[in-house]
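To start, the structure under review is shown below, and the notes come after it.
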2 protein chains.
Amino acid sequence: MGRTDAERLLGAAEALYYTRGIRAVGIDEVRTAAGVSLKRLYQLYPSKEHLVAAYLDARDVQWRGRLADYVARHGGSPRDRMLAVFDWLGLWFAEPDFRGCAFINAFGELGDSAPLVLAAVRRHKDLFRAYLLDLARDLDVPDPAGIGEHLLLLAEGAMTAAAVLPEPRAAQQAGRAAAALLDAAAAERPLRGVEAAVRRRGA
Amino acid sequence: MGRTDAERLLGAAEALYYTRGIRAVGIDEVRTAAGVSLKRLYQLYPSKEHLVAAYLDARDVQWRGRLADYVARHGGSPRDRMLAVFDWLGLWFAEPDFRGCAFINAFGELGDSAPLVLAAVRRHKDLFRAYLLDLARDLDVPDPAGIGEHLLLLAEGAMTAAAVLPEPRAAQQAGRAAAALLDAAAAERPLRGVEAAVRRRGA
DNA sequence: CGGGGGCGAGAACGCTCGTTCTCGCTCGGT
DNA sequence: ACCGAGCGAGAACGAGCGTTCTCGCCCCCG
């Protein structure tokens, strides 16, 4: 596990909070799993909310790092890099302890009753959005930002669908939908204005 | 409010559990808000989990009813009916006490630790999916089921994005993405097999 | 009118939680 | 060798939870 007290605490917090929920896990259980005294815990994180926010921030860094690594390793063209995001989601969904998006779960559980947690959730989603918008910027399509937002919605939808439903088809479906959106946007590129509109209305 | 004890209980449960979370609200608070004795509550719902599952089932019926009503009133062509789903999502997101999808929230909070609740969540998502697949069946596209699944992911993604992020653009974005997917699928319709594949790869 | 079954009100129980407090011990500086 | 600051272990505290139990009242059937 981690080296410092804080690292061991965040590791234990991640394992426990993610798999069982935040309210369901007491501070003492995290402290025991991490092998850190209660006093030390409270001087690192003055309340449970601080600990939870720190756990989410750590998970955010790790999660986006794993995603970016995979995309950098497997992506070729901008289009391939974008689609690699959904391939990685599929790998993530298939992990045995997958239980949905930790940030959505935390929000659903705590809502706005824990401002630090809410802020961490928003930070994560903003950073994920920014990453997708970055990938979209390299695409050869009009309105890359719009495409980025659309793929963000697909990715979020895939996460919740994969969490709730037992079958892991969600990532494949989302990948197919993403490819269709990319192709549609790319097909629009050479056409201009009226032509594209006519085509869209066509048949 | 409702008439019978069960109706008043479910009404109070909905207001409290949805806005504050399930673990955060005690049975006594629901009982007080509904004006029902504890004994009566326990003879209607022998445990909190039963009450929560019943609240989710009631919300499922109400939520899908509101959606289907809106679509039936505002939808014209099959395409319009499909897009009306996203218009309605936008209206829902704009409601002042909107706090995301109650079912995703319940799952994120309780996971598989409450089997009755998990079953209710899955029921709801299956029924929503079935509704979208029904709408998709009327579309004049190849593979309506695939389109239905894709729009399901967009809708789920819009719900979580709208819940977490303060700006209510999610429904519009999802609607635009849905329209793009529908148009792309419709444009594929007259083409067949190889032709469509070539076109998709084009440029 | 008499009695008893069912109900509402709320106390009680056993448990868990987040946070604070107590108490020795250890260890580093002079 | 001393002393005191800081630490770990864990008790303590106050609150809240889900669930059960008690008791006294009402109301309906005979």
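Starting from 1 in every chain, residues are counted up; chains themselves are A, B, ... following the order of the structure tokens, and ligands are numbered from 1 as listed.
Residue neighbourhood of DG24 in chain D, excluding near-sequence residues (fewer than 3 positions): DC7, DG8, DA9 and DG10 of chain C, at 12 Å, using only C-alpha atoms (C1' of nucleotides).
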(request) Would you kindly report the residues of chain B within 7 Å of chain A, using only C-alpha atoms, as a ChimeraX atom specification? (result) /B:21,105,108-110,122,150,153-158,160,164-165,173-174,177,180-181,183-184,200
(message) What's around Ala15 in chain B at 10 Å? Count only C-alpha atoms (C1' of nucleotides), leave out sequence neighbours fewer than 6 positions away in its own chain, and write the answer as an MDAnalysis selection string.
(response) chainID B and resid 21 30 33 55 97
C-alpha atoms of the current selection, written as a PDB file, in the first residue's frame:
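Contents of part05.pdb, freshly written:
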```pdb
ATOM      1  CA  GLY B  21     -30.922  10.930   0.334  1.00  0.00           C
ATOM      2  CA  VAL B  30     -41.185  10.063   7.062  1.00  0.00           C
ATOM      3  CA  ALA B  33     -44.451  14.022   7.691  1.00  0.00           C
ATOM      4  CA  TYR B  55     -41.177   4.770  -2.934  1.00  0.00           C
ATOM      5  CA  ASP B  97     -35.890  20.579  -6.602  1.00  0.00           C
TER       6      ASP B  97
END
```
(request) Assign secondary structure with DSSP using the backbone only, and return the residues of chain A in helix (DSSP H, G or I) as a ChimeraX atom specification. (result) /A:5-20,27-34,38-44,48-74,78-93,102-113,115-137,144-164,170-188,193-201
If you keep C-alpha atoms, can you produce a file of those selected residues as a compact mmCIF listing (two decimals), in the first residue's frame?
```
# COMPACT_ATOMS: atom_id res chain seq x y z
CA ASP A 5 -0.10 7.99 6.62
CA ALA A 6 -2.06 10.10 4.18
CA GLU A 7 -1.45 7.67 1.33
CA ARG A 8 -2.47 4.68 3.40
CA LEU A 9 -5.57 6.51 4.56
CA LEU A 10 -6.57 7.48 1.04
CA GLY A 11 -5.97 3.94 -0.18
CA ALA A 12 -8.14 2.46 2.52
CA ALA A 13 -10.76 5.17 2.03
CA GLU A 14 -10.91 4.44 -1.68
CA ALA A 15 -11.38 0.71 -1.22
CA LEU A 16 -14.04 1.11 1.45
CA TYR A 17 -15.96 4.18 0.32
CA TYR A 18 -16.10 3.14 -3.32
CA THR A 19 -17.33 -0.37 -2.76
CA ARG A 20 -19.69 0.19 0.16
CA ILE A 27 -14.20 6.62 10.14
CA ASP A 28 -12.94 3.93 12.48
CA GLU A 29 -13.01 1.31 9.76
CA VAL A 30 -10.90 3.46 7.46
CA ARG A 31 -8.51 4.22 10.30
CA THR A 32 -8.14 0.54 11.18
CA ALA A 33 -7.61 -0.54 7.57
CA ALA A 34 -4.97 2.13 7.12
CA LEU A 38 -7.46 8.39 15.18
CA LYS A 39 -5.54 11.41 16.38
CA ARG A 40 -3.30 11.37 13.33
CA LEU A 41 -6.28 10.97 11.04
CA TYR A 42 -8.00 13.99 12.53
CA GLN A 43 -4.90 16.10 12.27
CA LEU A 44 -4.58 15.20 8.58
CA LYS A 48 -14.92 13.01 7.60
CA GLU A 49 -15.97 15.38 4.88
CA HIS A 50 -12.36 16.45 4.39
CA LEU A 51 -11.28 12.83 4.17
CA VAL A 52 -13.97 12.02 1.63
CA ALA A 53 -13.09 15.03 -0.50
CA ALA A 54 -9.43 14.04 -0.41
CA TYR A 55 -10.33 10.49 -1.40
CA LEU A 56 -12.30 11.81 -4.35
CA ASP A 57 -9.50 14.12 -5.43
CA ALA A 58 -7.01 11.26 -5.29
CA ARG A 59 -9.31 9.03 -7.25
CA ASP A 60 -9.83 11.77 -9.81
CA VAL A 61 -6.10 12.03 -10.45
CA GLN A 62 -5.69 8.27 -10.66
CA TRP A 63 -8.75 7.73 -12.86
CA ARG A 64 -7.92 10.41 -15.39
CA GLY A 65 -4.32 9.26 -15.39
CA ARG A 66 -5.27 5.71 -16.27
CA LEU A 67 -7.61 6.94 -19.00
CA ALA A 68 -5.05 9.30 -20.50
CA ASP A 69 -2.37 6.61 -20.41
CA TYR A 70 -4.57 4.17 -22.27
CA VAL A 71 -5.58 6.73 -24.86
CA ALA A 72 -1.99 7.83 -25.38
CA ARG A 73 -0.85 4.24 -25.81
CA HIS A 74 -3.66 2.94 -28.01
CA PRO A 78 -7.63 11.96 -33.34
CA ARG A 79 -10.67 9.85 -34.14
CA ASP A 80 -8.99 6.72 -32.78
CA ARG A 81 -7.99 8.55 -29.63
CA MET A 82 -11.55 9.65 -29.08
CA LEU A 83 -12.88 6.15 -29.56
CA ALA A 84 -10.15 4.73 -27.35
CA VAL A 85 -11.86 6.53 -24.48
CA PHE A 86 -14.82 4.21 -24.88
CA ASP A 87 -12.59 1.17 -25.20
CA TRP A 88 -11.04 2.08 -21.89
CA LEU A 89 -14.46 2.56 -20.35
CA GLY A 90 -15.23 -1.00 -21.39
CA LEU A 91 -12.13 -2.25 -19.63
CA TRP A 92 -13.03 -0.28 -16.54
CA PHE A 93 -16.62 -1.57 -16.49
CA ALA A 102 -17.49 7.17 -7.64
CA PHE A 103 -18.31 10.83 -8.14
CA ILE A 104 -21.84 10.31 -9.30
CA ASN A 105 -22.33 7.90 -6.43
CA ALA A 106 -20.99 10.42 -3.95
CA PHE A 107 -23.23 13.11 -5.35
CA GLY A 108 -26.26 10.86 -5.26
CA GLU A 109 -25.56 9.99 -1.67
CA LEU A 110 -24.61 13.38 -0.25
CA GLY A 111 -26.06 15.88 -2.71
CA ASP A 112 -25.28 19.41 -1.66
CA SER A 113 -25.19 18.59 2.03
CA PRO A 115 -19.95 21.29 0.10
CA LEU A 116 -16.39 19.97 -0.05
CA VAL A 117 -17.56 16.74 -1.62
CA LEU A 118 -19.80 18.52 -4.08
CA ALA A 119 -16.87 20.71 -5.11
CA ALA A 120 -14.66 17.66 -5.64
CA VAL A 121 -17.34 16.02 -7.78
CA ARG A 122 -17.72 19.13 -9.92
CA ARG A 123 -13.95 19.45 -10.27
CA HIS A 124 -13.71 15.89 -11.53
CA LYS A 125 -16.51 16.23 -14.03
CA ASP A 126 -15.12 19.53 -15.28
CA LEU A 127 -11.69 17.98 -15.77
CA PHE A 128 -13.12 14.99 -17.58
CA ARG A 129 -15.11 17.30 -19.79
CA ALA A 130 -12.00 19.37 -20.46
CA TYR A 131 -10.11 16.23 -21.44
CA LEU A 132 -12.78 15.20 -23.93
CA LEU A 133 -12.93 18.72 -25.33
CA ASP A 134 -9.17 18.57 -25.77
CA LEU A 135 -9.47 15.34 -27.71
CA ALA A 136 -12.30 16.82 -29.76
CA ARG A 137 -10.28 19.89 -30.66
CA PRO A 144 -15.48 20.26 -32.02
CA ALA A 145 -16.75 21.57 -28.70
CA GLY A 146 -20.26 20.39 -29.50
CA ILE A 147 -18.97 16.95 -30.42
CA GLY A 148 -16.99 16.86 -27.21
CA GLU A 149 -20.07 17.63 -25.16
CA HIS A 150 -22.05 14.96 -26.96
CA LEU A 151 -19.42 12.34 -26.33
CA LEU A 152 -19.25 13.43 -22.71
CA LEU A 153 -22.94 12.67 -22.38
CA LEU A 154 -22.46 9.28 -24.01
CA ALA A 155 -19.63 8.45 -21.65
CA GLU A 156 -21.62 9.49 -18.59
CA GLY A 157 -24.59 7.51 -19.79
CA ALA A 158 -22.44 4.46 -20.36
CA MET A 159 -21.11 4.72 -16.81
CA THR A 160 -24.51 4.77 -15.19
CA ALA A 161 -25.92 2.11 -17.49
CA ALA A 162 -22.94 -0.15 -16.80
CA ALA A 163 -23.30 0.43 -13.08
CA VAL A 164 -26.98 -0.39 -12.83
CA ALA A 170 -22.84 -0.24 -22.37
CA ALA A 171 -19.33 0.69 -23.40
CA GLN A 172 -19.65 -1.00 -26.80
CA GLN A 173 -22.98 0.69 -27.41
CA ALA A 174 -21.55 4.03 -26.41
CA GLY A 175 -18.54 3.45 -28.64
CA ARG A 176 -20.77 2.70 -31.59
CA ALA A 177 -22.87 5.78 -30.90
CA ALA A 178 -19.71 7.85 -30.58
CA ALA A 179 -18.44 6.55 -33.93
CA ALA A 180 -21.75 7.38 -35.54
CA LEU A 181 -21.64 10.92 -34.15
CA LEU A 182 -18.05 11.39 -35.29
CA ASP A 183 -18.83 10.10 -38.77
CA ALA A 184 -21.89 12.28 -39.04
CA ALA A 185 -19.89 15.32 -37.99
CA ALA A 186 -17.03 14.45 -40.34
CA ALA A 187 -19.46 13.93 -43.21
CA GLU A 188 -20.84 17.39 -42.56
CA GLY A 193 -24.60 25.39 -44.63
CA VAL A 194 -27.65 24.85 -46.76
CA GLU A 195 -26.32 21.69 -48.29
CA ALA A 196 -25.85 20.04 -44.92
CA ALA A 197 -29.28 21.14 -43.76
CA VAL A 198 -30.93 19.76 -46.88
CA ARG A 199 -29.10 16.50 -46.43
CA ARG A 200 -30.13 16.28 -42.84
CA ARG A 201 -33.76 16.77 -43.76
```
(message) What are the residues of chain D lining chain B at 10 Å or less? Count only C-alpha atoms (C1' of nucleotides), and put the answer as a count of residues only.
(response) 5
Proximity of chain C to chain A: per-residue shortest pair, 10 Å limit, only C-alpha atoms (C1' of nucleotides), as a Markdown table:
```
| residue | atom | partner | partner_atom | distance |
| --- | --- | --- | --- | --- |
| C:DT16 | C1' | A:Gly26 | CA | 8.5 |
| C:DC17 | C1' | A:Gly26 | CA | 6.7 |
| C:DG18 | C1' | A:Ile27 | CA | 7.5 |
| C:DT19 | C1' | A:Ser47 | CA | 8.4 |
| C:DT20 | C1' | A:Lys39 | CA | 9.9 |
```
Kindly save the residues from that selection, with C-alpha atoms (C1' of nucleotides) included, as a PDB file, in the first residue's frame.
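Contents of the output file selection07.pdb:
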```pdb
ATOM      1  C1'  DT C  16     -23.422   2.741  15.173  1.00  0.00           C
ATOM      2  C1'  DC C  17     -21.562   6.974  14.203  1.00  0.00           C
ATOM      3  C1'  DG C  18     -18.346  11.339  14.307  1.00  0.00           C
ATOM      4  C1'  DT C  19     -15.725  13.615  17.345  1.00  0.00           C
ATOM      5  C1'  DT C  20     -13.295  14.611  21.714  1.00  0.00           C
TER       6       DT C  20
END
```
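Nearest residue to DC1 in chain C, choosing from D:DC7, D:DC29, D:DC2, D:DA12 and counting only C-alpha atoms (C1' of nucleotides): D:DC29.
Coordinates place CA of Val141 in chain A at a distance of 17.0 Å from CA of Gly76 in chain A.
By chain and then residue number, the residues within 12 Å of DG4 in chain C are DC26, DC27, DC28, DC29 and DG30 of chain D, counting only C-alpha atoms (C1' of nucleotides) and disregarding those fewer than 3 positions away in sequence.
Coordinates place C1' of DA11 in chain C at a distance of 27.2 Å from CA of Thr4 in chain B.
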